[in-house]
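Enquirer: File input_14.csv below, CSV, C-alpha atoms:
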chain,number,residue,atom,x,y,z
K,1,MET,CA,123.6,99.5,153.7
K,2,GLY,CA,123.2,103.2,153.0
K,3,LEU,CA,124.7,105.9,155.2
K,4,TYR,CA,122.1,107.9,157.0
K,5,LEU,CA,123.0,111.6,157.6
K,6,PRO,CA,121.0,113.9,159.9
K,7,GLY,CA,118.7,116.1,158.0
K,8,ARG,CA,118.7,113.9,155.1
K,9,LYS,CA,115.3,112.5,154.1
K,10,ARG,CA,115.1,109.0,152.9
K,11,ARG,CA,113.4,108.7,149.5
K,12,LYS,CA,110.3,106.6,149.5
K,13,ARG,CA,110.4,103.9,146.9
K,14,LYS,CA,107.6,104.3,144.5
K,15,LYS,CA,105.6,101.2,144.3
K,16,ARG,CA,105.9,99.7,140.9
K,17,THR,CA,102.7,98.9,139.2
K,18,LYS,CA,101.9,96.0,136.9
K,19,MET,CA,102.2,98.4,134.0
K,20,ASP,CA,105.7,99.4,135.0
K,21,LYS,CA,106.9,95.8,135.4
K,22,ALA,CA,105.4,94.5,132.1
K,23,PRO,CA,107.7,94.7,129.1
K,24,LEU,CA,106.8,96.6,125.9
K,25,THR,CA,105.9,93.4,124.1
K,26,GLU,CA,103.3,92.5,126.8
K,27,HIS,CA,101.8,96.0,126.5
K,28,LEU,CA,101.5,95.6,122.7
K,29,GLY,CA,100.1,92.1,123.1
K,30,GLU,CA,97.4,93.4,125.5
K,31,LEU,CA,96.6,96.3,123.2
K,32,ARG,CA,96.2,93.9,120.3
K,33,ASN,CA,93.9,91.6,122.3
K,34,ARG,CA,91.7,94.5,123.4
K,35,LEU,CA,91.5,95.9,119.9
K,36,LEU,CA,90.7,92.4,118.5
K,37,LEU,CA,87.9,92.0,121.0
K,38,SER,CA,86.5,95.4,120.1
K,39,LEU,CA,86.7,94.6,116.4
K,40,ILE,CA,85.0,91.3,116.8
K,41,ALA,CA,82.1,93.0,118.7
K,42,VAL,CA,81.8,95.7,116.0
K,43,ALA,CA,81.9,93.0,113.2
K,44,ILE,CA,79.0,91.1,114.9
K,45,ALA,CA,77.0,94.3,115.3
K,46,PHE,CA,77.9,95.3,111.7
K,47,GLY,CA,76.1,92.1,110.4
K,48,ALA,CA,72.9,93.0,112.2
K,49,CYS,CA,73.1,96.7,111.3
K,50,PHE,CA,73.7,95.9,107.6
K,51,TYR,CA,70.6,93.7,107.6
K,52,TYR,CA,68.6,96.8,108.8
K,53,SER,CA,70.6,99.4,106.9
K,54,GLU,CA,67.5,100.4,104.9
K,55,VAL,CA,65.6,101.3,108.0
K,56,ILE,CA,68.6,103.2,109.4
K,57,PHE,CA,68.9,105.0,106.1
K,58,ARG,CA,65.3,106.2,106.2
K,59,LEU,CA,65.9,107.5,109.7
K,60,LEU,CA,69.0,109.3,108.5
K,61,THR,CA,67.2,111.0,105.7
K,62,SER,CA,64.5,112.5,108.1
K,63,PRO,CA,66.3,115.9,108.4
K,64,LEU,CA,65.5,116.3,104.6
K,65,ASN,CA,61.8,115.9,105.2
K,66,TYR,CA,61.2,117.7,108.5
K,67,THR,CA,62.0,121.1,109.9
K,68,LEU,CA,62.7,121.7,113.5
K,69,LYS,CA,60.7,124.5,115.1
K,70,PHE,CA,61.1,126.1,118.5
K,71,SER,CA,58.3,127.8,120.3
K,72,LEU,CA,57.7,129.6,123.6
K,73,GLU,CA,54.5,127.6,124.1
K,74,ASN,CA,54.0,123.9,124.6
K,75,PRO,CA,55.2,121.9,122.6
K,76,PHE,CA,58.5,123.9,122.8
K,77,ILE,CA,60.2,121.8,120.1
K,78,SER,CA,58.3,120.2,117.2
K,79,PHE,CA,59.0,118.6,113.9
K,80,ILE,CA,57.1,120.1,111.0
K,81,PRO,CA,56.9,118.2,107.7
K,82,SER,CA,58.5,120.1,104.8
K,83,GLU,CA,56.0,122.0,102.6
K,84,GLU,CA,57.9,121.0,99.5
K,85,GLU,CA,58.2,117.4,98.3
K,86,GLY,CA,61.1,115.6,100.0
K,87,ILE,CA,64.4,115.7,98.2
K,88,LYS,CA,65.2,112.6,96.3
K,89,LEU,CA,68.7,111.4,96.7
K,90,VAL,CA,70.6,110.0,93.7
K,91,PHE,CA,73.7,107.8,93.3
K,92,LEU,CA,76.3,108.8,90.7
K,93,ALA,CA,78.3,105.6,90.6
K,94,PRO,CA,77.3,101.9,90.4
K,95,ALA,CA,78.7,101.0,93.8
K,96,GLU,CA,77.8,104.2,95.6
K,97,ALA,CA,74.5,102.9,97.0
K,98,LEU,CA,76.2,99.8,98.3
K,99,TRP,CA,79.0,101.7,100.0
K,100,MET,CA,76.4,104.0,101.5
K,101,HIS,CA,74.8,101.0,103.3
K,102,ILE,CA,78.2,99.7,104.4
K,103,LYS,CA,79.1,103.1,105.9
K,104,ILE,CA,75.7,103.3,107.7
K,105,ALA,CA,76.0,99.8,109.1
K,106,PHE,CA,79.6,100.3,110.3
K,107,MET,CA,78.9,103.6,112.0
K,108,SER,CA,75.8,102.2,113.6
K,109,ALA,CA,77.7,99.2,114.8
K,110,PHE,CA,80.4,101.4,116.3
K,111,ILE,CA,77.9,103.5,118.2
K,112,ILE,CA,76.2,100.3,119.5
K,113,CYS,CA,79.5,98.9,120.7
K,114,SER,CA,80.9,102.1,122.1
K,115,PRO,CA,80.4,101.0,125.7
K,116,LEU,CA,82.6,98.0,125.1
K,117,VAL,CA,85.2,100.1,123.2
K,118,PHE,CA,85.3,102.6,126.1
K,119,TYR,CA,85.5,99.8,128.7
K,120,GLU,CA,88.4,98.1,126.8
K,121,THR,CA,90.2,101.5,126.6
K,122,TRP,CA,89.9,101.9,130.4
K,123,LYS,CA,91.1,98.3,131.0
K,124,PHE,CA,94.2,99.0,129.0
K,125,ILE,CA,95.1,102.2,130.9
K,126,ALA,CA,94.0,101.0,134.3
K,127,PRO,CA,97.2,99.0,135.2
K,128,GLY,CA,99.1,102.3,135.1
K,129,LEU,CA,96.8,104.0,137.7
K,130,LEU,CA,96.8,103.8,141.4
K,131,GLU,CA,94.4,101.4,143.2
K,132,LYS,CA,92.1,104.1,144.3
K,133,GLU,CA,91.9,105.5,140.8
K,134,ARG,CA,90.8,102.2,139.3
K,135,LYS,CA,87.4,102.4,141.0
K,136,TYR,CA,86.5,105.0,138.4
K,137,ALA,CA,86.1,102.4,135.7
K,138,LEU,CA,82.3,102.2,135.8
K,139,PRO,CA,81.8,106.0,136.0
K,140,PHE,CA,84.3,106.4,133.2
K,141,VAL,CA,82.5,103.9,130.9
K,142,PHE,CA,79.1,105.2,131.8
K,143,THR,CA,80.0,108.9,131.4
K,144,THR,CA,81.9,108.6,128.1
K,145,THR,CA,79.2,106.4,126.6
K,146,PHE,CA,76.4,108.7,127.8
K,147,LEU,CA,78.1,111.9,126.5
K,148,PHE,CA,79.0,110.3,123.2
K,149,LEU,CA,75.4,109.2,122.6
K,150,ILE,CA,74.0,112.6,123.8
K,151,GLY,CA,76.4,114.4,121.4
K,152,ALA,CA,75.3,112.1,118.5
K,153,LEU,CA,71.6,112.5,119.4
K,154,PHE,CA,72.0,116.3,119.8
K,155,CYS,CA,73.5,116.5,116.3
K,156,PHE,CA,70.8,114.4,114.7
K,157,ILE,CA,67.8,116.1,116.4
K,158,ILE,CA,69.0,119.7,116.6
K,159,VAL,CA,72.0,120.4,114.4
K,160,LEU,CA,71.3,118.4,111.2
K,161,PRO,CA,67.7,119.7,110.6
K,162,PHE,CA,69.0,123.3,111.1
K,163,ALA,CA,72.0,122.7,108.9
K,164,MET,CA,70.1,121.0,106.1
K,165,ASN,CA,67.3,123.6,106.2
K,166,PHE,CA,69.8,126.5,106.0
K,167,LEU,CA,72.0,125.0,103.3
K,168,LEU,CA,69.1,123.9,101.1
K,169,THR,CA,67.0,127.1,101.3
K,170,TYR,CA,69.6,129.9,101.5
K,171,LYS,CA,69.5,131.7,98.1
K,172,THR,CA,68.4,128.5,96.2
K,173,GLU,CA,65.1,129.8,94.7
K,174,ASN,CA,66.4,129.3,91.2
K,175,LEU,CA,68.3,126.1,91.9
K,176,GLN,CA,67.3,122.5,91.9
K,177,PRO,CA,69.1,120.4,94.6
K,178,MET,CA,70.5,117.1,93.3
K,179,ILE,CA,72.4,115.4,96.2
K,180,SER,CA,74.2,112.1,95.8
K,181,VAL,CA,73.4,109.6,98.5
K,182,GLY,CA,77.1,109.1,99.2
K,183,LYS,CA,77.8,112.8,99.8
K,184,TYR,CA,74.7,113.1,102.0
K,185,VAL,CA,75.6,110.1,104.2
K,186,ASP,CA,79.2,111.3,104.6
K,187,PHE,CA,77.9,114.8,105.6
K,188,CYS,CA,75.6,113.3,108.2
K,189,LEU,CA,78.0,110.8,109.6
K,190,LYS,CA,80.9,113.2,109.9
K,191,PHE,CA,78.6,115.7,111.8
K,192,ILE,CA,77.3,113.0,114.1
K,193,LEU,CA,80.7,111.5,114.9
K,194,ALA,CA,82.2,115.0,115.4
K,195,PHE,CA,79.5,116.0,117.9
K,196,GLY,CA,79.8,112.6,119.7
K,197,ALA,CA,83.6,113.3,120.1
K,198,ILE,CA,83.4,116.9,121.2
K,199,PHE,CA,80.8,116.0,123.9
K,200,GLU,CA,83.6,114.0,125.6
K,201,LEU,CA,85.3,117.4,126.4
K,202,PRO,CA,84.2,117.4,130.0
K,203,VAL,CA,85.6,114.0,130.6
K,204,ILE,CA,88.9,115.0,129.1
K,205,THR,CA,89.0,118.2,131.2
K,206,VAL,CA,88.2,116.3,134.5
K,207,PHE,CA,90.8,113.6,133.7
K,208,ALA,CA,93.4,116.3,133.0
K,209,THR,CA,92.6,118.0,136.3
K,210,LYS,CA,92.7,114.7,138.1
K,211,MET,CA,96.2,114.0,136.7
K,212,GLY,CA,97.4,117.4,137.7
K,213,ILE,CA,98.0,118.6,134.2
K,214,VAL,CA,95.7,121.6,134.5
K,215,THR,CA,93.8,123.4,137.3
K,216,PRO,CA,90.4,125.0,137.3
K,217,GLU,CA,92.0,128.4,137.6
K,218,PHE,CA,94.2,127.8,134.6
K,219,LEU,CA,91.2,126.7,132.5
K,220,ALA,CA,89.1,129.8,133.6
K,221,LYS,CA,92.1,132.1,133.0
K,222,ASN,CA,92.6,130.9,129.4
K,223,ARG,CA,88.9,130.9,128.5
K,224,LYS,CA,89.5,133.3,125.6
K,225,TYR,CA,92.0,131.0,124.0
K,226,ALA,CA,89.5,128.1,124.4
K,227,VAL,CA,86.9,130.1,122.5
K,228,LEU,CA,89.4,130.7,119.6
K,229,ILE,CA,90.4,127.0,119.6
K,230,ALA,CA,86.7,126.0,119.6
K,231,PHE,CA,86.1,127.9,116.3
K,232,ILE,CA,89.3,126.6,114.8
K,233,ALA,CA,88.3,123.0,115.7
K,234,ALA,CA,84.8,123.6,114.3
K,235,ALA,CA,86.2,124.8,111.1
K,236,LEU,CA,88.3,121.7,110.8
K,237,LEU,CA,85.6,119.2,111.9
K,238,THR,CA,82.6,120.5,110.0
K,239,PRO,CA,82.3,119.0,106.5
K,240,THR,CA,81.2,122.4,105.0
K,241,PRO,CA,83.2,125.7,105.2
K,242,ASP,CA,80.3,128.0,106.0
K,243,ALA,CA,80.3,130.0,109.2
K,244,PHE,CA,76.7,128.8,110.1
K,245,ASN,CA,77.6,125.2,110.6
K,246,GLN,CA,80.9,126.1,112.3
K,247,SER,CA,78.9,128.1,114.8
K,248,LEU,CA,76.6,125.2,115.4
K,249,MET,CA,79.6,123.2,116.5
K,250,ALA,CA,81.7,125.9,118.2
K,251,ILE,CA,78.9,127.0,120.6
K,252,PRO,CA,78.4,123.5,122.1
K,253,ILE,CA,82.2,123.2,122.5
K,254,ILE,CA,82.4,126.4,124.4
K,255,ILE,CA,79.4,125.3,126.6
K,256,LEU,CA,81.1,121.9,127.2
K,257,TYR,CA,84.3,123.7,128.1
K,258,GLU,CA,82.5,125.6,130.8
K,259,VAL,CA,80.9,122.4,132.1
K,260,GLY,CA,84.4,120.9,132.3
K,261,ILE,CA,85.6,123.9,134.3
K,262,LEU,CA,82.6,123.5,136.7
K,263,ALA,CA,83.2,119.7,137.1
K,264,SER,CA,87.0,120.4,137.7
K,265,ARG,CA,86.2,122.9,140.4
K,266,ILE,CA,83.9,120.4,142.2
K,267,LEU,CA,86.6,117.7,141.9
K,268,ASP,CA,89.3,120.1,143.2
K,269,ARG,CA,87.2,121.2,146.2
K,270,LYS,CA,86.6,117.6,147.2
K,271,LYS,CA,90.3,116.9,146.8
K,272,LYS,CA,91.3,119.8,149.0
K,273,LYS,CA,88.7,118.9,151.6
K,274,LYS,CA,90.1,115.3,151.9
K,275,GLU,CA,93.6,116.7,152.3
K,276,LYS,CA,92.5,118.9,155.2
K,277,GLU,CA,90.9,116.0,156.9
Could you quickly redo this structure as structure tokens?

Expert:
Amino acid sequence: MGLYLPGRKRRKRKKRTKMDKAPLTEHLGELRNRLLLSLIAVAIAFGACFYYSEVIFRLLTSPLNYTLKFSLENPFISFIPSEEEGIKLVFLAPAEALWMHIKIAFMSAFIICSPLVFYETWKFIAPGLLEKERKYALPFVFTTTFLFLIGALFCFIIVLPFAMNFLLTYKTENLQPMISVGKYVDFCLKFILAFGAIFELPVITVFATKMGIVTPEFLAKNRKYAVLIAFIAAALLTPTPDAFNQSLMAIPIIILYEVGILASRILDRKKKKKEKE
């Protein structure tokens, strides 16, 4: 029996969660099972995507054959076929074409299975959260999947045509492009995955605000550092060192950062309103 002294506050015992009680081996076992389930799903989707890899490849080469044009009149965005004959991709090694199809199939399978991957990620971290926080499972899976797909689609429709048109036409009048299929696919997939990842920035920002790691005021105050980090991240993530492609990635990062600040402010206001009630 503990001695109670006047003015001394009794410490409330923190309710231990399932995550706290479980030993490390159980955590690792659960992580292994969730990774295994995700890998099995990706493997099944890989088989289907590999069968249709030629169709996916033709879709991936469309930025070489079309130019994106913006207009102030309807239609505001249109795809114009290239005036020159489409660039023919070549392979420089016996297995390069095969590896190209494998890469395309794997990345397509990962994108298709991304909702399951995000769901399994949430289920792994959910036991360490409070009961009221676990209700965000469905919004978390939907939002992360939606933003990832929007980022990948934005890159494919907007960024890649711009990037390819700029890189293949800038001071190349006396040059003949000869692009290997492996290099081209790597270029496109890195861009698409990078944009899918950076479009998750608002979710990361809101999650950090929810956990009390940062505040909307802190994010707004350090906006200039975020801009600098955005260009550094773009320089590291873009597969080419030119400033043009880095800007194509850095500008969306900055916009997404501002979206994250706005979402954090809305969340913070709701939190303060509930505390007052």

Enquirer: Tell me, in Å to one decimal, how far atom CA of Ala105 of chain K is from atom CA of Ile87 of chain K.

Expert: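 If I compute the distance from atom CA of Ala105 of chain K to atom CA of Ile87 of chain K, I get 22.5 Å.
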
Enquirer: Measuring atom to atom with only C-alpha atoms, identify which of K:Val214, K:Val185, K:Ala163, K:Leu236 is nearest to Leu248 of chain K.

Expert: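 Looking only at the distances to Leu248 of chain K, the closest residue turns out to be K:Ala163.
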
Enquirer: Which neighbours of Leu262 of chain K fall inside 10 Å, counting only C-alpha atoms, when residues of the same chain fewer than 6 positions from it are skipped, and could you give them as a list in words?

Expert: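 The residues satisfying every condition are Pro202, Thr205, Val206, Pro216, Ala220, Leu256 and Asp268 of chain K.
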
Enquirer: What separation in Å, quoted to one decimal, exists between atom CA of Phe46 of chain K and atom CA of Ala109 of chain K?

Expert: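 Computing it gives 5.0 Å between the two atoms.
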
Enquirer: Which residues are near Leu31 of chain K? Cut-off 10 Å, only C-alpha atoms, ignore same chain within fewer than 6 positions. Put them as a PyMOL selection string.

Expert: chain K and resi 25+37+120-121+123-125

Enquirer: Which value, in Å to one decimal, gives the distance between atom CA of Arg223 of chain K and atom CA of Ile255 of chain K?

Expert: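 Atom CA of Ile255 of chain K lies at a distance of 11.2 Å from atom CA of Arg223 of chain K.
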
Enquirer: Quick one: residues within 9 Å of Met178 of chain K, only C-alpha atoms counted, chain neighbours fewer than 4 positions away excluded, as JSON, numbers by chain?

Expert: {"K": [87, 88, 89, 90]}

Enquirer: Name the residues in contact with Val259 of chain K at a cut-off of 12 Å, using all atoms listed in the file, excluding same-chain residues fewer than 5 positions from it; report them as a list in words.

Expert: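 So the residues in contact are Phe199, Glu200, Leu201, Pro202, Val203, Ile204, Thr205, Val206, Pro216, Leu219, Ala220, Pro252, Ile253, Ile254, Ser264, Arg265 and Ile266 of chain K.
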
Enquirer: For the residues in that selection, give me C-alpha atoms as a short mmCIF file (atom, residue, chain, number, x, y, z; two decimals), in the coordinates of the input.

Expert:
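What ended up in again-v5.cif:
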data_model
loop_
_atom_site.label_atom_id
_atom_site.label_comp_id
_atom_site.auth_asym_id
_atom_site.auth_seq_id
_atom_site.Cartn_x
_atom_site.Cartn_y
_atom_site.Cartn_z
CA PHE K 199 80.80 116.00 123.90
CA GLU K 200 83.60 114.00 125.60
CA LEU K 201 85.30 117.40 126.40
CA PRO K 202 84.20 117.40 130.00
CA VAL K 203 85.60 114.00 130.60
CA ILE K 204 88.90 115.00 129.10
CA THR K 205 89.00 118.20 131.20
CA VAL K 206 88.20 116.30 134.50
CA PRO K 216 90.40 125.00 137.30
CA LEU K 219 91.20 126.70 132.50
CA ALA K 220 89.10 129.80 133.60
CA PRO K 252 78.40 123.50 122.10
CA ILE K 253 82.20 123.20 122.50
CA ILE K 254 82.40 126.40 124.40
CA SER K 264 87.00 120.40 137.70
CA ARG K 265 86.20 122.90 140.40
CA ILE K 266 83.90 120.40 142.20
#

Enquirer: With distances taken over all atoms listed in the file, which of K:Tyr184, K:Phe207, K:Phe106, K:Phe218 is nearest to Phe140 of chain K?

Expert: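 Ranking K:Tyr184, K:Phe207, K:Phe106, K:Phe218 by distance to Phe140 of chain K, first place goes to K:Phe207.
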
Enquirer: Looking at all atoms listed in the file, which of K:Ile112, K:Leu92, K:Ile158, K:Leu39 is the one that sits closest to Tyr66 of chain K?

Expert: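 Nearest candidate to Tyr66 of chain K out of K:Ile112, K:Leu92, K:Ile158, K:Leu39: K:Ile158.
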
Enquirer: Go through K:Val181, K:Leu36, K:Leu147, K:Lys221 one by one, measure the shortest atom-to-atom distance of each to Arg58 of chain K using only C-alpha atoms, and give the residue with the smallest value.

Expert: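 Checking each of K:Val181, K:Leu36, K:Leu147, K:Lys221 against Arg58 of chain K, counting only C-alpha atoms, the winner is K:Val181.
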
Enquirer: If I put a ball of radius 7 Å at (74.8, 117.5, 113.6) in the file's coordinates, which residues poke into it when counting only C-alpha atoms, written as a PDB file with C-alpha atoms, in the coordinates of the input?

Expert:
ATOM      1  CA  PHE K 154      72.000 116.300 119.800  1.00  0.00           C
ATOM      2  CA  CYS K 155      73.500 116.500 116.300  1.00  0.00           C
ATOM      3  CA  PHE K 156      70.800 114.400 114.700  1.00  0.00           C
ATOM      4  CA  ILE K 158      69.000 119.700 116.600  1.00  0.00           C
ATOM      5  CA  VAL K 159      72.000 120.400 114.400  1.00  0.00           C
ATOM      6  CA  LEU K 160      71.300 118.400 111.200  1.00  0.00           C
ATOM      7  CA  CYS K 188      75.600 113.300 108.200  1.00  0.00           C
ATOM      8  CA  PHE K 191      78.600 115.700 111.800  1.00  0.00           C
ATOM      9  CA  ILE K 192      77.300 113.000 114.100  1.00  0.00           C
ATOM     10  CA  PHE K 195      79.500 116.000 117.900  1.00  0.00           C
TER      11      PHE K 195
END

Enquirer: May I ask which of the residues K:Ile111, K:Ile80, K:Ala263, K:Leu116 is the closest one to Leu35 of chain K, counting only C-alpha atoms?

Expert: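 The closest residue to Leu35 of chain K is K:Leu116.
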
Enquirer: Using only C-alpha atoms, can you tell me which of K:Val42, K:Met164, K:Met249, K:Ala48 comes closest to Gly196 of chain K?

Expert: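 Using only C-alpha atoms, Gly196 of chain K sits closest to K:Met249.
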